[in-house]
file my_file27.pdb (PDB, C-alpha atoms, pLDDT in the B column)
ATOM      1  CA  ALA T   1    -131.923-144.945-193.860  1.00 75.00           C
ATOM      2  CA  ALA T   2    -128.929-145.390-196.159  1.00 79.00           C
ATOM      3  CA  VAL T   3    -128.386-142.644-198.705  1.00 83.00           C
ATOM      4  CA  GLY T   4    -126.804-144.969-201.248  1.00 85.00           C
ATOM      5  CA  PRO T   5    -124.934-148.225-201.923  1.00 87.00           C
ATOM      6  CA  SER T   6    -121.580-146.726-200.958  1.00 87.00           C
ATOM      7  CA  GLU T   7    -122.760-146.003-197.430  1.00 88.00           C
ATOM      8  CA  ILE T   8    -124.035-149.585-197.053  1.00 86.00           C
ATOM      9  CA  VAL T   9    -120.757-151.066-198.273  1.00 87.00           C
ATOM     10  CA  LEU T  10    -118.542-148.798-196.193  1.00 87.00           C
ATOM     11  CA  ALA T  11    -120.522-148.293-193.000  1.00 88.00           C
ATOM     12  CA  TYR T  12    -123.041-151.078-192.368  1.00 91.00           C
ATOM     13  CA  PRO T  13    -121.817-153.719-189.867  1.00 93.00           C
ATOM     14  CA  GLY T  14    -124.262-156.383-191.041  1.00 93.00           C
ATOM     15  CA  LEU T  15    -122.919-156.410-194.595  1.00 94.00           C
ATOM     16  CA  TYR T  16    -119.333-156.376-193.333  1.00 95.00           C
ATOM     17  CA  THR T  17    -119.899-159.368-191.064  1.00 96.00           C
ATOM     18  CA  ILE T  18    -121.887-161.382-193.600  1.00 96.00           C
ATOM     19  CA  THR T  19    -119.229-160.832-196.266  1.00 96.00           C
ATOM     20  CA  LEU T  20    -116.439-161.953-193.968  1.00 96.00           C
ATOM     21  CA  GLN T  21    -118.500-164.933-192.781  1.00 97.00           C
ATOM     22  CA  ARG T  22    -118.990-166.158-196.336  1.00 97.00           C
ATOM     23  CA  TYR T  23    -115.230-166.260-196.894  1.00 97.00           C
ATOM     24  CA  ALA T  24    -114.715-167.854-193.486  1.00 97.00           C
ATOM     25  CA  HIS T  25    -117.428-170.430-194.215  1.00 98.00           C
ATOM     26  CA  ALA T  26    -115.762-171.467-197.482  1.00 97.00           C
ATOM     27  CA  LEU T  27    -112.478-171.989-195.633  1.00 98.00           C
ATOM     28  CA  HIS T  28    -114.263-173.858-192.843  1.00 97.00           C
ATOM     29  CA  GLN T  29    -115.909-176.178-195.362  1.00 97.00           C
ATOM     30  CA  ALA T  30    -112.519-176.792-196.944  1.00 97.00           C
ATOM     31  CA  GLY T  31    -111.139-177.926-193.592  1.00 96.00           C
ATOM     32  CA  VAL T  32    -108.771-175.009-193.049  1.00 97.00           C
ATOM     33  CA  PRO T  33    -107.925-174.906-189.319  1.00 95.00           C
ATOM     34  CA  PHE T  34    -108.013-171.838-187.049  1.00 96.00           C
ATOM     35  CA  LEU T  35    -108.215-169.140-189.727  1.00 97.00           C
ATOM     36  CA  PRO T  36    -112.011-169.270-190.282  1.00 97.00           C
ATOM     37  CA  ARG T  37    -112.661-168.872-186.559  1.00 97.00           C
ATOM     38  CA  MET T  38    -110.100-166.082-186.325  1.00 97.00           C
ATOM     39  CA  MET T  39    -111.882-164.249-189.146  1.00 97.00           C
ATOM     40  CA  ALA T  40    -115.238-164.677-187.434  1.00 97.00           C
ATOM     41  CA  GLU T  41    -113.889-163.417-184.114  1.00 97.00           C
ATOM     42  CA  TYR T  42    -112.314-160.406-185.810  1.00 97.00           C
ATOM     43  CA  ALA T  43    -115.691-159.493-187.309  1.00 96.00           C
ATOM     44  CA  HIS T  44    -117.278-160.072-183.899  1.00 97.00           C
ATOM     45  CA  ALA T  45    -114.825-157.708-182.238  1.00 97.00           C
ATOM     46  CA  VAL T  46    -115.363-154.998-184.859  1.00 96.00           C
ATOM     47  CA  THR T  47    -119.170-155.188-185.218  1.00 96.00           C
ATOM     48  CA  GLY T  48    -120.562-156.987-182.173  1.00 96.00           C
ATOM     49  CA  ILE T  49    -122.081-159.634-184.476  1.00 98.00           C
ATOM     50  CA  ASP T  50    -121.028-163.221-183.695  1.00 98.00           C
ATOM     51  CA  ILE T  51    -121.526-165.686-186.564  1.00 98.00           C
ATOM     52  CA  HIS T  52    -119.729-169.018-186.450  1.00 98.00           C
ATOM     53  CA  PRO T  53    -117.981-169.847-189.736  1.00 98.00           C
ATOM     54  CA  GLY T  54    -119.785-173.188-189.808  1.00 97.00           C
ATOM     55  CA  ALA T  55    -123.242-171.600-190.124  1.00 98.00           C
ATOM     56  CA  LYS T  56    -124.896-172.120-193.512  1.00 98.00           C
ATOM     57  CA  ILE T  57    -126.487-168.898-194.758  1.00 98.00           C
ATOM     58  CA  GLY T  58    -128.512-168.478-197.948  1.00 97.00           C
ATOM     59  CA  GLN T  59    -128.658-165.641-200.441  1.00 96.00           C
ATOM     60  CA  ASN T  60    -129.912-162.139-199.665  1.00 96.00           C
ATOM     61  CA  PHE T  61    -129.434-162.438-195.915  1.00 97.00           C
ATOM     62  CA  CYS T  62    -129.865-159.141-194.078  1.00 96.00           C
ATOM     63  CA  ILE T  63    -128.834-158.160-190.544  1.00 96.00           C
ATOM     64  CA  ASP T  64    -130.256-154.761-189.598  1.00 94.00           C
ATOM     65  CA  HIS T  65    -128.355-152.880-186.871  1.00 93.00           C
ATOM     66  CA  GLY T  66    -126.778-156.134-185.718  1.00 93.00           C
ATOM     67  CA  THR T  67    -125.325-155.531-182.259  1.00 95.00           C
ATOM     68  CA  GLY T  68    -125.612-158.656-180.144  1.00 96.00           C
ATOM     69  CA  VAL T  69    -126.598-161.066-182.930  1.00 98.00           C
ATOM     70  CA  VAL T  70    -125.335-164.623-182.282  1.00 98.00           C
ATOM     71  CA  ILE T  71    -125.583-167.409-184.879  1.00 98.00           C
ATOM     72  CA  GLY T  72    -124.258-170.835-183.918  1.00 96.00           C
ATOM     73  CA  GLU T  73    -122.110-173.299-185.808  1.00 96.00           C
ATOM     74  CA  THR T  74    -124.826-175.667-187.090  1.00 96.00           C
ATOM     75  CA  ALA T  75    -127.480-173.033-187.832  1.00 98.00           C
ATOM     76  CA  ILE T  76    -129.031-173.150-191.307  1.00 98.00           C
ATOM     77  CA  ILE T  77    -130.557-169.967-192.721  1.00 98.00           C
ATOM     78  CA  GLY T  78    -132.509-169.876-195.976  1.00 98.00           C
ATOM     79  CA  LYS T  79    -132.865-167.187-198.617  1.00 98.00           C
ATOM     80  CA  HIS T  80    -134.228-163.685-198.070  1.00 97.00           C
ATOM     81  CA  VAL T  81    -134.055-163.902-194.283  1.00 98.00           C
ATOM     82  CA  ARG T  82    -133.936-160.693-192.250  1.00 97.00           C
ATOM     83  CA  ILE T  83    -132.931-160.446-188.603  1.00 97.00           C
ATOM     84  CA  TYR T  84    -132.480-157.552-186.210  1.00 97.00           C
ATOM     85  CA  GLN T  85    -130.197-156.726-183.305  1.00 96.00           C
ATOM     86  CA  GLY T  86    -129.936-159.038-180.327  1.00 96.00           C
ATOM     87  CA  VAL T  87    -131.220-162.161-182.110  1.00 97.00           C
ATOM     88  CA  THR T  88    -129.775-165.502-180.990  1.00 98.00           C
ATOM     89  CA  LEU T  89    -129.842-168.689-183.057  1.00 98.00           C
ATOM     90  CA  GLY T  90    -128.398-170.898-180.369  1.00 96.00           C
ATOM     91  CA  ALA T  91    -128.224-174.349-178.814  1.00 94.00           C
ATOM     92  CA  LEU T  92    -130.070-176.011-175.984  1.00 90.00           C
ATOM     93  CA  SER T  93    -128.168-177.828-173.251  1.00 82.00           C
ATOM     94  CA  PHE T  94    -126.421-181.016-174.296  1.00 75.00           C
ATOM     95  CA  ARG T  95    -128.209-184.252-173.473  1.00 77.00           C
ATOM     96  CA  ARG T  96    -126.318-186.703-171.283  1.00 81.00           C
ATOM     97  CA  ASN T  97    -125.490-190.368-171.711  1.00 81.00           C
ATOM     98  CA  PRO T  98    -126.402-192.829-168.930  1.00 85.00           C
ATOM     99  CA  ASP T  99    -122.856-192.490-167.617  1.00 85.00           C
ATOM    100  CA  GLY T 100    -123.267-188.729-167.289  1.00 80.00           C
ATOM    101  CA  SER T 101    -121.065-187.783-170.246  1.00 84.00           C
ATOM    102  CA  LEU T 102    -122.339-185.230-172.743  1.00 77.00           C
ATOM    103  CA  VAL T 103    -123.908-186.348-176.027  1.00 77.00           C
ATOM    104  CA  LYS T 104    -122.036-184.413-178.697  1.00 76.00           C
ATOM    105  CA  GLY T 105    -122.250-184.229-182.461  1.00 75.00           C
ATOM    106  CA  GLY T 106    -125.218-183.563-184.711  1.00 81.00           C
ATOM    107  CA  ARG T 107    -127.269-180.424-185.134  1.00 89.00           C
ATOM    108  CA  ARG T 108    -127.408-178.067-182.140  1.00 93.00           C
ATOM    109  CA  HIS T 109    -128.749-174.889-183.719  1.00 96.00           C
ATOM    110  CA  PRO T 110    -132.030-174.058-185.480  1.00 98.00           C
ATOM    111  CA  THR T 111    -133.077-173.953-189.104  1.00 98.00           C
ATOM    112  CA  VAL T 112    -134.636-170.731-190.409  1.00 98.00           C
ATOM    113  CA  GLN T 113    -136.348-171.245-193.749  1.00 98.00           C
ATOM    114  CA  ASP T 114    -136.785-168.760-196.601  1.00 98.00           C
ATOM    115  CA  ASP T 115    -138.413-165.335-196.209  1.00 98.00           C
ATOM    116  CA  VAL T 116    -138.431-165.323-192.406  1.00 98.00           C
ATOM    117  CA  THR T 117    -138.165-162.111-190.370  1.00 97.00           C
ATOM    118  CA  VAL T 118    -136.847-162.262-186.795  1.00 97.00           C
ATOM    119  CA  TYR T 119    -137.209-159.050-184.800  1.00 96.00           C
ATOM    120  CA  ALA T 120    -134.934-157.674-182.105  1.00 95.00           C
ATOM    121  CA  GLY T 121    -134.089-159.731-179.060  1.00 95.00           C
ATOM    122  CA  ALA T 122    -135.707-162.993-180.178  1.00 96.00           C
ATOM    123  CA  THR T 123    -134.064-166.236-179.059  1.00 96.00           C
ATOM    124  CA  ILE T 124    -134.458-169.411-181.120  1.00 97.00           C
ATOM    125  CA  LEU T 125    -132.807-172.539-179.735  1.00 96.00           C
ATOM    126  CA  GLY T 126    -132.240-176.180-180.630  1.00 95.00           C
ATOM    127  CA  GLY T 127    -131.137-178.316-183.543  1.00 94.00           C
ATOM    128  CA  GLU T 128    -134.625-179.719-184.094  1.00 93.00           C
ATOM    129  CA  THR T 129    -136.252-176.280-184.168  1.00 96.00           C
ATOM    130  CA  VAL T 130    -137.421-175.169-187.621  1.00 97.00           C
ATOM    131  CA  ILE T 131    -138.871-171.735-188.331  1.00 97.00           C
ATOM    132  CA  GLY T 132    -141.173-172.269-191.290  1.00 97.00           C
ATOM    133  CA  GLU T 133    -141.039-170.303-194.514  1.00 97.00           C
ATOM    134  CA  GLY T 134    -142.479-166.810-194.301  1.00 97.00           C
ATOM    135  CA  ALA T 135    -142.866-166.796-190.511  1.00 97.00           C
ATOM    136  CA  VAL T 136    -142.437-163.594-188.518  1.00 96.00           C
ATOM    137  CA  ILE T 137    -140.892-163.825-185.045  1.00 96.00           C
ATOM    138  CA  GLY T 138    -141.675-160.861-182.816  1.00 94.00           C
ATOM    139  CA  GLY T 139    -139.191-159.098-180.593  1.00 93.00           C
ATOM    140  CA  GLY T 140    -138.259-160.902-177.404  1.00 93.00           C
ATOM    141  CA  ALA T 141    -139.800-164.249-178.402  1.00 94.00           C
ATOM    142  CA  TRP T 142    -138.300-167.350-176.750  1.00 93.00           C
ATOM    143  CA  ILE T 143    -138.664-170.357-179.052  1.00 94.00           C
ATOM    144  CA  THR T 144    -137.479-173.909-178.445  1.00 93.00           C
ATOM    145  CA  GLU T 145    -139.773-175.846-180.801  1.00 92.00           C
ATOM    146  CA  SER T 146    -140.716-175.530-184.449  1.00 95.00           C
ATOM    147  CA  VAL T 147    -142.985-172.810-185.826  1.00 95.00           C
ATOM    148  CA  PRO T 148    -145.186-173.525-188.873  1.00 95.00           C
ATOM    149  CA  PRO T 149    -144.804-171.673-192.179  1.00 96.00           C
ATOM    150  CA  GLY T 150    -146.487-168.288-192.238  1.00 96.00           C
ATOM    151  CA  ALA T 151    -146.877-168.118-188.448  1.00 95.00           C
ATOM    152  CA  ARG T 152    -146.717-164.880-186.478  1.00 93.00           C
ATOM    153  CA  ILE T 153    -145.151-164.921-183.021  1.00 92.00           C
ATOM    154  CA  ARG T 154    -145.700-161.828-180.887  1.00 79.00           C
ATOM    155  CA  GLY T 155    -144.653-160.690-177.431  1.00 61.00           C
ATOM    156  CA  GLY T 156    -142.785-163.729-176.180  1.00 57.00           C
ATOM    157  CA  HIS T 157    -141.203-163.862-172.753  1.00 52.00           C
ATOM    158  CA  HIS T 158    -138.260-165.802-171.388  1.00 44.00           C
ATOM    159  CA  GLY T 159    -139.223-169.270-170.264  1.00 42.00           C
ATOM    160  CA  HIS T 160    -142.097-169.708-172.731  1.00 43.00           C
ATOM    161  CA  LYS T 161    -141.901-171.994-175.708  1.00 49.00           C
ATOM    162  CA  VAL T 162    -143.851-172.126-178.938  1.00 50.00           C
ATOM    163  CA  ALA T 163    -144.810-175.597-180.121  1.00 44.00           C
ATOM    164  CA  PRO T 164    -145.708-176.508-183.710  1.00 45.00           C
ATOM    165  CA  GLY T 165    -149.348-177.478-183.169  1.00 45.00           C
ATOM    166  CA  ALA T 166    -151.446-174.362-183.740  1.00 41.00           C
ATOM    167  CA  GLY T 167    -154.763-175.114-182.079  1.00 36.00           C
ATOM    168  CA  ASP T 168    -153.216-177.199-179.318  1.00 37.00           C
ATOM    169  CA  ALA T 169    -153.661-174.857-176.359  1.00 34.00           C
ATOM    170  CA  ALA T 170    -151.935-177.257-173.969  1.00 34.00           C
ATOM    171  CA  ASN T 171    -148.642-176.556-175.706  1.00 40.00           C
ATOM    172  CA  PHE T 172    -148.896-172.809-175.120  1.00 40.00           C
ATOM    173  CA  PRO T 173    -148.607-171.759-171.453  1.00 40.00           C
ATOM    174  CA  ALA T 174    -150.056-168.421-170.435  1.00 37.00           C
ATOM    175  CA  ALA T 175    -147.669-165.481-170.618  1.00 38.00           C
ATOM    176  CA  PRO T 176    -148.197-163.131-167.662  1.00 35.00           C
ATOM    177  CA  GLY T 177    -147.792-159.505-168.641  1.00 34.00           C
ATOM    178  CA  GLY T 178    -147.832-160.201-172.351  1.00 36.00           C
ATOM    179  CA  VAL T 179    -149.249-162.289-175.128  1.00 35.00           C
ATOM    180  CA  VAL T 180    -147.861-165.054-177.303  1.00 46.00           C
ATOM    181  CA  PHE T 181    -149.871-166.225-180.256  1.00 44.00           C
ATOM    182  CA  VAL T 182    -149.476-168.121-183.486  1.00 47.00           C
ATOM    183  CA  SER T 183    -151.549-167.073-186.470  1.00 42.00           C
ATOM    184  CA  THR T 184    -150.950-169.263-189.493  1.00 41.00           C
ATOM    185  CA  ALA T 185    -153.541-167.175-191.286  1.00 38.00           C
ATOM    186  CA  GLY T 186    -151.117-164.278-191.044  1.00 38.00           C
ATOM    187  CA  GLY T 187    -153.493-161.817-189.369  1.00 39.00           C
ATOM    188  CA  ASP T 188    -153.776-160.316-185.891  1.00 38.00           C
ATOM    189  CA  VAL T 189    -155.820-162.060-183.229  1.00 33.00           C
ATOM    190  CA  ALA T 190    -158.738-159.992-181.963  1.00 34.00           C
ATOM    191  CA  ALA T 191    -158.508-159.110-178.266  1.00 32.00           C
ATOM    192  CA  GLY T 192    -160.727-161.286-176.123  1.00 30.00           C
ATOM    193  CA  THR T 193    -161.112-164.071-178.632  1.00 29.00           C
ATOM    194  CA  ASN T 194    -161.714-167.582-177.364  1.00 35.00           C
ATOM    195  CA  ASN T 195    -161.420-169.201-180.762  1.00 34.00           C
ATOM    196  CA  LEU T 196    -158.739-171.889-180.598  1.00 30.00           C
ATOM    197  CA  SER T 197    -158.994-173.007-184.188  1.00 33.00           C
ATOM    198  CA  ASP T 198    -156.436-174.894-186.211  1.00 33.00           C
ATOM    199  CA  THR T 199    -155.199-171.649-187.695  1.00 27.00           C
ATOM    200  CA  VAL T 200    -155.118-169.350-184.685  1.00 32.00           C
ATOM    201  CA  THR T 201    -154.047-170.051-181.138  1.00 33.00           C
ATOM    202  CA  THR T 202    -154.370-167.256-178.620  1.00 33.00           C
ATOM    203  CA  ILE T 203    -152.470-167.285-175.379  1.00 33.00           C
ATOM    204  CA  SER T 204    -153.474-165.202-172.372  1.00 35.00           C
ATOM    205  CA  VAL T 205    -156.620-163.458-173.533  1.00 38.00           C
ATOM    206  CA  ALA T 206    -156.517-161.013-170.655  1.00 37.00           C
ATOM    207  CA  ALA T 207    -153.000-159.985-171.592  1.00 39.00           C
ATOM    208  CA  ALA T 208    -154.054-159.529-175.221  1.00 44.00           C
ATOM    209  CA  GLU T 209    -156.877-157.247-174.144  1.00 49.00           C
ATOM    210  CA  ALA T 210    -154.501-155.224-172.009  1.00 42.00           C
ATOM    211  CA  GLN T 211    -152.115-154.885-174.945  1.00 48.00           C
ATOM    212  CA  ALA T 212    -154.946-153.808-177.261  1.00 50.00           C
ATOM    213  CA  ASP T 213    -155.840-150.999-174.862  1.00 52.00           C
ATOM    214  CA  THR T 214    -152.338-149.498-174.932  1.00 48.00           C
TER     215      THR T 214
END
call {"tool": "encode", "arguments": {"input": "my_file27.pdb", "output": "structure tokens"}}
result
Amino acid sequence: AAVGPSEIVLAYPGLYTITLQRYAHALHQAGVPFLPRMMAEYAHAVTGIDIHPGAKIGQNFCIDHGTGVVIGETAIIGKHVRIYQGVTLGALSFRRNPDGSLVKGGRRHPTVQDDVTVYAGATILGGETVIGEGAVIGGGAWITESVPPGARIRGGHHGHKVAPGAGDAANFPAAPGGVVFVSTAGGDVAAGTNNLSDTVTTISVAAAEAQADT
């Protein structure tokens, strides 16, 4: 929708926030106290995009619209990644030691590999979660386990998780009122299919049929 580079530079919140985060990240890596977080919070206040200065972000990263985006401290984002408004790259709850104290340290936020697209409102959680290269995460997806390269995730709902084993139906609970599927072949799943192959797992066939009719 931009009419030229000047409009993008002067008016697009995603570019503004990413630029400031890259400076803040360099200072964070250098061990500068306070200032990197202050810079990140200033950008957050101005744009509504919250990126921790510790997050590692590759080249050609694009945030479209941007309001409500949250990217945690230990998140790693590859090259040519595109995300939309309301996306969260967050942490799961801390594990506890036998004495009840929290286990801290280590990775808490996900890895998003190169050429991934994450659509509006998706939530991706956990330091062991990896979104494989070229995957597409549909709007509203709730992901707590890794997604294979080239996968397509559609129509997720809160409380559902996507596991890495395409073809393993036990890892994919039914999604009432919607459909969640992984297609490592990159194509849509035909409504009503019962084919649980290694490349396509379909969740909630009835819901898929209902969606196809709309």
call {"tool": "resolve_selection", "arguments": {"input": "my_file27.pdb", "expression": "the PyMOL selection byres ((chain T and resi 44) around 12)", "output": "ChimeraX atom specification"}}
result
/T:13-14,16-18,20-21,37-43,45-53,66-71
call {"tool": "write_last_selection", "arguments": {"input": "my_file27.pdb", "atoms": "C-alpha atoms", "output": "compact mmCIF listing (two decimals), in the frame of the given file"}}
result
# COMPACT_ATOMS: atom_id res chain seq x y z
CA PRO T 13 -121.82 -153.72 -189.87
CA GLY T 14 -124.26 -156.38 -191.04
CA TYR T 16 -119.33 -156.38 -193.33
CA THR T 17 -119.90 -159.37 -191.06
CA ILE T 18 -121.89 -161.38 -193.60
CA LEU T 20 -116.44 -161.95 -193.97
CA GLN T 21 -118.50 -164.93 -192.78
CA ARG T 37 -112.66 -168.87 -186.56
CA MET T 38 -110.10 -166.08 -186.32
CA MET T 39 -111.88 -164.25 -189.15
CA ALA T 40 -115.24 -164.68 -187.43
CA GLU T 41 -113.89 -163.42 -184.11
CA TYR T 42 -112.31 -160.41 -185.81
CA ALA T 43 -115.69 -159.49 -187.31
CA ALA T 45 -114.82 -157.71 -182.24
CA VAL T 46 -115.36 -155.00 -184.86
CA THR T 47 -119.17 -155.19 -185.22
CA GLY T 48 -120.56 -156.99 -182.17
CA ILE T 49 -122.08 -159.63 -184.48
CA ASP T 50 -121.03 -163.22 -183.70
CA ILE T 51 -121.53 -165.69 -186.56
CA HIS T 52 -119.73 -169.02 -186.45
CA PRO T 53 -117.98 -169.85 -189.74
CA GLY T 66 -126.78 -156.13 -185.72
CA THR T 67 -125.32 -155.53 -182.26
CA GLY T 68 -125.61 -158.66 -180.14
CA VAL T 69 -126.60 -161.07 -182.93
CA VAL T 70 -125.34 -164.62 -182.28
CA ILE T 71 -125.58 -167.41 -184.88
call {"tool": "residues_around", "arguments": {"input": "my_file27.pdb", "residues": "Ala120 in chain T", "least_positions_apart": "5", "cutoff": "9 Å", "atoms": "all atoms listed in the file", "output": "list in words"}}
result
Ile83, Tyr84, Gln85, Gly86, Val87, Gly138, Gly139, Gly140 and Ala141 of chain T
call {"tool": "write_last_selection", "arguments": {"input": "my_file27.pdb", "atoms": "C-alpha atoms", "output": "PDB file, in the frame of the given file"}}
result
ATOM      1  CA  ILE T  83    -132.931-160.446-188.603  1.00 97.00           C
ATOM      2  CA  TYR T  84    -132.480-157.552-186.210  1.00 97.00           C
ATOM      3  CA  GLN T  85    -130.197-156.726-183.305  1.00 96.00           C
ATOM      4  CA  GLY T  86    -129.936-159.038-180.327  1.00 96.00           C
ATOM      5  CA  VAL T  87    -131.220-162.161-182.110  1.00 97.00           C
ATOM      6  CA  GLY T 138    -141.675-160.861-182.816  1.00 94.00           C
ATOM      7  CA  GLY T 139    -139.191-159.098-180.593  1.00 93.00           C
ATOM      8  CA  GLY T 140    -138.259-160.902-177.404  1.00 93.00           C
ATOM      9  CA  ALA T 141    -139.800-164.249-178.402  1.00 94.00           C
TER      10      ALA T 141
END
call {"tool": "resolve_selection", "arguments": {"input": "my_file27.pdb", "expression": "the PyMOL selection byres ((chain T and resi 122-132) around 9)", "output": "PyMOL selection string"}}
result
chain T and resi 74-75+84-93+106-116+118-121+133-151+156+158
call {"tool": "write_last_selection", "arguments": {"input": "my_file27.pdb", "atoms": "C-alpha atoms", "output": "tab-separated table (two decimals), in the coordinates of the input"}}
result
chain	number	residue	atom	x	y	z
T	74	THR	CA	-124.83	-175.67	-187.09
T	75	ALA	CA	-127.48	-173.03	-187.83
T	84	TYR	CA	-132.48	-157.55	-186.21
T	85	GLN	CA	-130.20	-156.73	-183.30
T	86	GLY	CA	-129.94	-159.04	-180.33
T	87	VAL	CA	-131.22	-162.16	-182.11
T	88	THR	CA	-129.78	-165.50	-180.99
T	89	LEU	CA	-129.84	-168.69	-183.06
T	90	GLY	CA	-128.40	-170.90	-180.37
T	91	ALA	CA	-128.22	-174.35	-178.81
T	92	LEU	CA	-130.07	-176.01	-175.98
T	93	SER	CA	-128.17	-177.83	-173.25
T	106	GLY	CA	-125.22	-183.56	-184.71
T	107	ARG	CA	-127.27	-180.42	-185.13
T	108	ARG	CA	-127.41	-178.07	-182.14
T	109	HIS	CA	-128.75	-174.89	-183.72
T	110	PRO	CA	-132.03	-174.06	-185.48
T	111	THR	CA	-133.08	-173.95	-189.10
T	112	VAL	CA	-134.64	-170.73	-190.41
T	113	GLN	CA	-136.35	-171.24	-193.75
T	114	ASP	CA	-136.78	-168.76	-196.60
T	115	ASP	CA	-138.41	-165.34	-196.21
T	116	VAL	CA	-138.43	-165.32	-192.41
T	118	VAL	CA	-136.85	-162.26	-186.80
T	119	TYR	CA	-137.21	-159.05	-184.80
T	120	ALA	CA	-134.93	-157.67	-182.10
T	121	GLY	CA	-134.09	-159.73	-179.06
T	133	GLU	CA	-141.04	-170.30	-194.51
T	134	GLY	CA	-142.48	-166.81	-194.30
T	135	ALA	CA	-142.87	-166.80	-190.51
T	136	VAL	CA	-142.44	-163.59	-188.52
T	137	ILE	CA	-140.89	-163.82	-185.04
T	138	GLY	CA	-141.68	-160.86	-182.82
T	139	GLY	CA	-139.19	-159.10	-180.59
T	140	GLY	CA	-138.26	-160.90	-177.40
T	141	ALA	CA	-139.80	-164.25	-178.40
T	142	TRP	CA	-138.30	-167.35	-176.75
T	143	ILE	CA	-138.66	-170.36	-179.05
T	144	THR	CA	-137.48	-173.91	-178.44
T	145	GLU	CA	-139.77	-175.85	-180.80
T	146	SER	CA	-140.72	-175.53	-184.45
T	147	VAL	CA	-142.99	-172.81	-185.83
T	148	PRO	CA	-145.19	-173.52	-188.87
T	149	PRO	CA	-144.80	-171.67	-192.18
T	150	GLY	CA	-146.49	-168.29	-192.24
T	151	ALA	CA	-146.88	-168.12	-188.45
T	156	GLY	CA	-142.78	-163.73	-176.18
T	158	HIS	CA	-138.26	-165.80	-171.39
call {"tool": "atom_distance", "arguments": {"input": "my_file27.pdb", "atom1": "CA of Pro33 in chain T", "atom2": "CA of Gly72 in chain T"}}
result
17.7 Å
call {"tool": "atom_distance", "arguments": {"input": "my_file27.pdb", "atom1": "CA of Leu35 in chain T", "atom2": "CA of Thr19 in chain T"}}
result
15.3 Å
call {"tool": "atom_distance", "arguments": {"input": "my_file27.pdb", "atom1": "CA of Arg22 in chain T", "atom2": "CA of Ile57 in chain T"}}
result
8.1 Å
